[in-house]
file entry_2.cif (mmCIF, C-alpha atoms)
data_upload
#
loop_
_atom_site.label_atom_id
_atom_site.label_comp_id
_atom_site.auth_asym_id
_atom_site.auth_seq_id
_atom_site.Cartn_x
_atom_site.Cartn_y
_atom_site.Cartn_z
CA MET A 146 159.82 134.16 164.22
CA ASP A 147 160.34 132.42 160.88
CA PHE A 148 158.19 133.83 158.09
CA THR A 149 156.94 132.12 154.94
CA ALA A 150 154.73 133.72 152.28
CA ILE A 151 152.81 131.52 149.84
CA ASP A 152 150.83 132.53 146.74
CA TYR A 153 148.43 129.98 145.30
CA SER A 154 147.88 132.23 142.26
CA VAL A 155 150.78 130.66 140.36
CA GLU A 156 149.34 127.17 140.76
CA TRP A 157 145.78 128.25 139.94
CA PHE A 158 146.62 130.20 136.78
CA ASN A 159 148.97 127.43 135.54
CA GLN A 160 146.29 124.77 136.03
CA HIS A 161 143.20 126.66 134.87
CA GLU A 162 144.43 129.16 132.31
CA GLN A 163 147.79 127.64 131.32
CA ARG A 164 149.62 130.89 131.95
CA SER A 165 151.48 132.85 134.57
CA PRO A 166 149.40 134.92 136.95
CA PRO A 167 148.61 138.44 135.73
CA ALA A 168 150.49 141.37 137.23
CA ARG A 169 147.19 142.71 138.55
CA ARG A 170 145.26 140.25 140.66
CA GLY A 171 143.65 139.84 144.03
CA GLY A 172 141.89 137.55 146.40
CA LYS A 173 141.93 136.53 150.02
CA PHE A 174 144.68 135.72 152.50
CA VAL A 175 145.08 134.06 155.88
CA VAL A 176 147.86 134.13 158.44
CA LEU A 177 148.71 131.05 160.48
CA SER A 178 151.33 130.38 163.12
CA TYR A 179 152.96 127.18 164.31
CA GLN A 180 154.01 127.01 167.97
CA ASN A 181 154.41 130.82 167.90
CA GLN A 182 157.74 130.17 166.14
CA ALA A 183 156.76 130.14 162.48
CA CYS A 184 154.36 132.42 160.62
CA TYR A 185 152.72 131.59 157.28
CA MET A 186 150.98 134.23 155.18
CA VAL A 187 148.97 132.44 152.50
CA PHE A 188 147.49 134.26 149.50
CA SER A 189 144.90 132.78 147.17
CA PRO A 190 143.25 134.23 144.06
CA ILE A 191 139.57 134.96 144.35
CA GLN A 192 138.91 132.35 141.65
CA LYS A 193 140.24 129.60 143.94
CA SER A 194 138.91 130.60 147.34
CA GLY A 195 135.36 131.71 147.93
CA TYR A 196 135.97 131.51 151.66
CA HIS A 197 139.03 132.05 153.82
CA ALA A 198 138.33 128.53 155.07
CA ASN A 199 139.20 127.20 151.60
CA ILE A 200 142.70 128.67 151.92
CA VAL A 201 143.17 127.04 155.32
CA GLU A 202 142.03 123.70 153.88
CA TYR A 203 144.45 123.92 150.90
CA PHE A 204 147.31 124.91 153.19
CA THR A 205 146.47 122.10 155.61
CA GLN A 206 146.50 119.54 152.80
CA ALA A 207 149.80 120.87 151.41
CA GLN A 208 151.38 120.59 154.87
CA GLN A 209 149.92 117.08 155.32
CA LEU A 210 147.92 118.16 158.35
CA SER A 211 144.38 117.22 159.21
CA GLY A 212 141.39 119.37 159.91
CA CYS A 213 137.70 119.75 159.21
CA TYR A 214 134.99 122.20 158.20
CA ASN A 215 132.24 123.33 160.53
CA HIS A 216 128.66 122.33 159.71
CA LYS A 217 128.13 125.44 157.51
CA ARG A 218 131.46 124.78 155.68
CA ASP A 219 132.51 128.41 156.12
CA SER A 220 135.24 127.76 158.69
CA TYR A 221 138.01 125.16 158.67
CA SER A 222 139.81 124.10 161.86
CA LEU A 223 143.11 122.28 162.18
CA ASP A 224 143.18 119.21 164.38
CA ASN A 225 146.66 120.07 165.68
CA ASN A 226 146.39 122.74 168.39
CA GLU A 227 150.02 123.79 167.86
CA TRP A 228 148.70 125.65 164.80
CA GLN A 229 146.72 128.88 165.16
CA ILE A 230 144.79 130.80 162.53
CA LEU A 231 145.59 134.44 163.30
CA GLY A 232 143.06 135.96 160.90
CA GLY A 233 142.62 136.91 157.29
CA GLY A 234 141.66 139.59 154.85
CA HIS A 235 141.66 140.60 151.21
CA TRP A 236 144.46 141.63 148.88
CA LYS A 237 144.91 143.52 145.62
CA LEU A 238 148.22 143.39 143.81
CA ASP A 239 149.55 145.59 141.02
CA GLU A 240 153.07 144.39 140.26
CA GLU A 241 153.40 146.93 137.44
CA ALA A 242 153.02 149.71 140.01
CA GLY A 243 154.87 147.71 142.70
CA LEU A 244 151.90 147.96 145.05
CA LEU A 245 150.17 145.45 147.31
CA ARG A 246 147.07 146.45 149.25
CA LEU A 247 145.91 144.42 152.26
CA PHE A 248 142.49 145.20 153.67
CA GLY A 249 139.39 143.91 155.39
CA ARG A 250 138.92 140.88 157.54
CA SER A 251 137.82 137.27 157.40
CA MET A 252 134.27 136.56 158.51
CA ALA A 253 135.43 133.21 159.91
CA TYR A 254 138.76 134.17 161.49
CA GLY A 255 138.63 137.95 161.97
CA ALA A 256 141.31 140.48 161.09
CA VAL A 257 145.02 139.88 161.60
CA ALA A 258 145.77 141.92 164.72
CA ASP A 259 149.41 142.78 163.95
CA LEU A 260 149.19 142.82 160.16
CA LYS A 261 151.40 145.91 159.79
CA ASP A 262 154.17 144.09 161.66
CA LEU A 263 154.29 141.45 158.88
CA VAL A 264 154.83 143.98 156.06
CA PRO A 265 158.66 144.10 156.27
CA GLN A 266 158.92 140.30 156.19
CA LEU A 267 156.42 140.05 153.34
CA THR A 268 158.31 142.67 151.32
CA GLU A 269 161.64 140.93 151.98
CA SER A 270 160.22 137.53 151.05
CA GLY A 271 160.21 138.48 147.36
CA LEU A 272 156.91 136.68 146.83
CA PHE A 273 155.54 139.64 144.89
CA HIS A 274 157.38 142.30 142.87
CA ILE A 275 156.45 145.19 145.12
CA SER A 276 158.01 148.29 146.60
CA GLU A 277 155.05 149.34 148.74
CA VAL A 278 152.45 147.62 150.90
CA ILE A 279 149.38 149.51 152.07
CA VAL A 280 147.50 148.07 155.04
CA ASP A 281 143.96 149.31 155.41
CA PRO A 282 142.12 147.00 157.81
CA LEU A 283 139.06 149.25 157.94
CA PHE A 284 138.28 149.16 154.21
#
call {"tool": "encode", "arguments": {"input": "entry_2.cif", "output": "structure tokens"}}
result
Amino acid sequence: MDFTAIDYSVEWFNQHEQRSPPARRGGKFVVLSYQNQACYMVFSPIQKSGYHANIVEYFTQAQQLSGCYNHKRDSYSLDNNEWQILGGGHWKLDEEAGLLRLFGRSMAYGAVADLKDLVPQLTESGLFHISEVIVDPLF
């Protein structure tokens, strides 16, 4: 399966603080798949995404897809059923220590069932300057 990792931190810090993202930062993430052939792991700083649904909305817009929020606006669904939201969680990054911590779950989409299986691809993607990823879904 093709794997793509995206970090909205760069965009957010450039637009709102006119600087590169700090080496220590965190937020929320979601994992989506397209036709079970492509996997997208999308990270967003906490300043940008109060809900995991916000990340799905931003990703959907960037991919020129359509979707909508539920009535409470805490869950966002894609109109195209070839896309699946596999779950989400929280992340803390310390690039100085080379460490990324993935934990928790999304209230809207649940936890990512096979999160540990994505660690090698995430590390190889070079998205973050890390040498270790700790997955703690129970935190």
call {"tool": "closest_atom_pairs", "arguments": {"input": "entry_2.cif", "of": "range 225-265 of chain A", "to": "range 271-274 of chain A", "cutoff": "10 Å", "atoms": "all atoms listed in the file", "output": "CSV"}}
result
residue,atom,partner,partner_atom,distance
A:Leu238,CA,A:Phe273,CA,8.3
A:Asp239,CA,A:His274,CA,8.7
A:Glu240,CA,A:His274,CA,5.5
A:Glu241,CA,A:His274,CA,8.2
A:Ala242,CA,A:His274,CA,9.1
A:Gly243,CA,A:His274,CA,6.0
A:Leu244,CA,A:His274,CA,8.2
A:Leu245,CA,A:Phe273,CA,8.3
call {"tool": "atom_distance", "arguments": {"input": "entry_2.cif", "atom1": "CA of Ala198 in chain A", "atom2": "CA of Asp219 in chain A"}}
result
5.9 Å
call {"tool": "resolve_selection", "arguments": {"input": "entry_2.cif", "expression": "the PyMOL selection byres ((chain A and resi 248) around 10)", "output": "count of residues only"}}
result
22
call {"tool": "residues_around", "arguments": {"input": "entry_2.cif", "residues": "Leu263 in chain A", "least_positions_apart": "5", "cutoff": "10 Å", "atoms": "all atoms listed in the file", "output": "PyMOL selection string"}}
result
chain A and resi 148+176+184+186+257+268
call {"tool": "residues_near_point", "arguments": {"input": "entry_2.cif", "point": "(145.3, 134.7, 147.9)", "cutoff": "9 Å", "atoms": "all atoms listed in the file", "output": "CSV table (one decimal) with C-alpha atoms, keeping the file's coordinate frame"}}
result
chain,number,residue,atom,x,y,z
A,151,ILE,CA,152.8,131.5,149.8
A,152,ASP,CA,150.8,132.5,146.7
A,153,TYR,CA,148.4,130.0,145.3
A,154,SER,CA,147.9,132.2,142.3
A,171,GLY,CA,143.6,139.8,144.0
A,172,GLY,CA,141.9,137.6,146.4
A,173,LYS,CA,141.9,136.5,150.0
A,174,PHE,CA,144.7,135.7,152.5
A,175,VAL,CA,145.1,134.1,155.9
A,187,VAL,CA,149.0,132.4,152.5
A,188,PHE,CA,147.5,134.3,149.5
A,189,SER,CA,144.9,132.8,147.2
A,190,PRO,CA,143.2,134.2,144.1
A,191,ILE,CA,139.6,135.0,144.4
A,193,LYS,CA,140.2,129.6,143.9
A,194,SER,CA,138.9,130.6,147.3
A,200,ILE,CA,142.7,128.7,151.9
A,235,HIS,CA,141.7,140.6,151.2
A,236,TRP,CA,144.5,141.6,148.9
call {"tool": "residues_around", "arguments": {"input": "entry_2.cif", "residues": "Ser220 in chain A", "least_positions_apart": "4", "cutoff": "9 Å", "atoms": "only C-alpha atoms", "output": "PyMOL selection string"}}
result
chain A and resi 196-199+201+213-216+252-254
call {"tool": "atom_distance", "arguments": {"input": "entry_2.cif", "atom1": "CA of Ser276 in chain A", "atom2": "CA of Gln208 in chain A"}}
result
29.7 Å
call {"tool": "resolve_selection", "arguments": {"input": "entry_2.cif", "expression": "the PyMOL selection byres ((chain A and resi 181) around 10)", "output": "PyMOL selection string"}}
result
chain A and resi 146-147+177-180+182-184+227-229
call {"tool": "atom_distance", "arguments": {"input": "entry_2.cif", "atom1": "CA of Ala150 in chain A", "atom2": "CA of Leu210 in chain A"}}
result
18.0 Å
call {"tool": "residues_near_point", "arguments": {"input": "entry_2.cif", "point": "(144.9, 116.4, 161.6)", "cutoff": "7 Å", "atoms": "all atoms listed in the file", "output": "list in words"}}
result
Leu210, Ser211, Gly212, Leu223, Asp224 and Asn225 of chain A
call {"tool": "write_last_selection", "arguments": {"input": "entry_2.cif", "atoms": "C-alpha atoms", "output": "short mmCIF file (atom, residue, chain, number, x, y, z; two decimals), in the coordinates of the input"}}
result
data_model
loop_
_atom_site.label_atom_id
_atom_site.label_comp_id
_atom_site.auth_asym_id
_atom_site.auth_seq_id
_atom_site.Cartn_x
_atom_site.Cartn_y
_atom_site.Cartn_z
CA LEU A 210 147.92 118.16 158.35
CA SER A 211 144.38 117.22 159.21
CA GLY A 212 141.39 119.37 159.91
CA LEU A 223 143.11 122.28 162.18
CA ASP A 224 143.18 119.21 164.38
CA ASN A 225 146.66 120.07 165.68
#
call {"tool": "axis_aligned_box", "arguments": {"input": "entry_2.cif", "around": "range 249-254 of chain A", "padding_each_side": "4 Å", "output": "lines of an AutoDock Vina configuration file"}}
result
center_x = 136.8
center_y = 138.6
center_z = 158.4
size_x = 13.1
size_y = 18.7
size_z = 14.1
call {"tool": "closest_residue", "arguments": {"input": "entry_2.cif", "among": "A:Gln163, A:Thr149, A:Gln206, A:Glu156", "to": "Gln266 in chain A", "atoms": "all atoms listed in the file"}}
result
A:Thr149
